[in-house]
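All remarks here apply to the structure that follows.
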Amino acid sequence: MVIQKNSYGNDVTFPVISVILKLWHWNKFVLRNIILSKTHLIFIKNLKAIDMKTKTNWRFNANKEEMSSNLGLHPSQLMVLFEDELKDIYWAEKELIKELPKMINNASSQELIEALENHLAQTQEQISRIEHVFEILGKKASAKKCEAMEGLIREGKGIMEECEEGPMCDAGIISAAQKIEHYEIATYGTLRQFAQTLRINNAAELLEQTLSEEKATDENLSRLAVTAINVEADLEESDEVI
Ligand SMILES: [Fe+2]
């Protein structure tokens, strides 16, 4: 070994070795701490991930429990009802596409004709929306005969056959159309709620859109019943007096 001496002639070999050894131990200490801190960070990160997953699972399970306790239903049972109701309204809307032109042909009030024509166009859109909801569910769109809508349509046909053309028939058409609207409002309201409960938010939005249209149509028909039809009826009475 080469013995090194400082400018005063003292042996500096051992202090140098001692410093090197200290540095080596210190580096090992630093390195170990870095490794430990990194491991600690990874551990904490994993813990957080596990915590998040547990919380999410807990929330999901809580939602399922909440759903079951509120409705007394399992989510899969609610899904069966949702699909069934969707098939029902799909059939109903398709039938309305055939019946609305007949109502338009029998109506006299220009405002009523426009309202029905507007709703016919909306109904086409509503059918497309239902098909979109089926797509979201990963199902092929299919219809199931709706007994209630069949009855309402039959009633509407009966009114048009029996009433005289003019304000009387218009009032009858409005009455039949509003009954149909109320059935649709009830159905879309239920479907929107089912979709929300099942957390199918994009389907819930589409159904909400249709629900708003049905409500607007119903309000418009109510307005026509009060204004257009009554005004025409009043005018007829006035003509008779003159
Ligand atoms: Fe509709």
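Each chain in the structure tokens gets a letter, A, B, ..., in the order shown, and its residues are numbered from 1; ligands are numbered from 1 in order too.
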
Shell of 8 Å around ligand 1 (only C-alpha atoms and all ligand atoms), written as a list in words: Glu93, Leu96, His119, Gln122, Thr123, Gln126, Ile127, Glu181, Glu184, Thr210, Glu213 and Glu214 of chain A

Nearest to A:Leu221, chosen from A:Lys179, A:His74, A:Lys157, A:Lys22, with only C-alpha atoms counted in the distances: A:Lys179

Between atom CA of A:Asp170 and atom CA of A:Ser108 - distance in Å to one decimal: 6.5 Å

Excluding same-chain residues fewer than 2 positions from stretch 187-191 of chain A, what lies within 7 Å of it counting only C-alpha atoms, as a compact mmCIF listing (two decimals) with N, CA and C atoms, in the first residue's frame?
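Here's the written file around_11.txt:
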```txt
# COMPACT_ATOMS: atom_id res chain seq x y z
N PHE A 82 -87.88 -2.98 -17.97
CA PHE A 82 -87.47 -1.85 -18.83
C PHE A 82 -87.56 -2.24 -20.31
N TYR A 183 -101.14 8.49 -22.15
CA TYR A 183 -100.57 7.14 -22.02
C TYR A 183 -99.07 7.17 -22.31
N GLU A 184 -98.71 7.93 -23.34
CA GLU A 184 -97.28 8.02 -23.70
C GLU A 184 -96.47 8.72 -22.61
N ILE A 185 -97.04 9.78 -22.04
CA ILE A 185 -96.34 10.51 -20.96
C ILE A 185 -96.09 9.57 -19.78
N GLN A 193 -87.43 6.88 -15.68
CA GLN A 193 -87.08 6.58 -14.28
C GLN A 193 -86.34 5.24 -14.17
N PHE A 194 -86.81 4.23 -14.91
CA PHE A 194 -86.15 2.92 -14.91
C PHE A 194 -84.69 3.08 -15.37
N ALA A 195 -84.51 3.85 -16.47
CA ALA A 195 -83.15 4.05 -17.02
C ALA A 195 -82.26 4.76 -16.00
N LEU A 207 -84.89 9.29 -23.48
CA LEU A 207 -86.29 9.12 -23.06
C LEU A 207 -86.86 10.42 -22.49
N LEU A 211 -90.11 12.45 -23.65
CA LEU A 211 -91.10 12.80 -22.63
C LEU A 211 -91.45 14.29 -22.72
```

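Among the candidate residues A:Asn118, A:Ser76, A:Gln178, A:Ser128, the one lying nearest to A:Leu152 is A:Gln178, with distances computed using only C-alpha atoms.
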
Residue neighbourhood A:Asn105, 12 Å, only C-alpha atoms, exclusion window fewer than 4 positions, as an NGL selection string: :A and (99-101 or 109-110 or 112-114 or 116-117 or 160 or 165-166 or 169-170 or 173)

Selected residue of minimal separation from A:Ala148 among A:Ala92, A:Met168, A:Ala216, A:Leu78, counting only C-alpha atoms: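 Between A:Ala92, A:Met168, A:Ala216, A:Leu78, the residue approaching A:Ala148 most closely is A:Ala92.
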
Option closest in space to A:Thr217, from A:Met149, A:Val133, A:Ala177, A:Leu73 [counting only C-alpha atoms]: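 Between A:Met149, A:Val133, A:Ala177, A:Leu73, the residue approaching A:Thr217 most closely is A:Ala177.
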
Nearest candidate to A:Leu198 (options A:Gly156, A:Leu137, A:His132, A:Asp88; using only C-alpha atoms): A:Leu137

Residue nearest A:Ala121 - candidates A:Ala225, A:Met79, A:Ala204, A:Ile97, atoms counted: only C-alpha atoms: A:Ile97
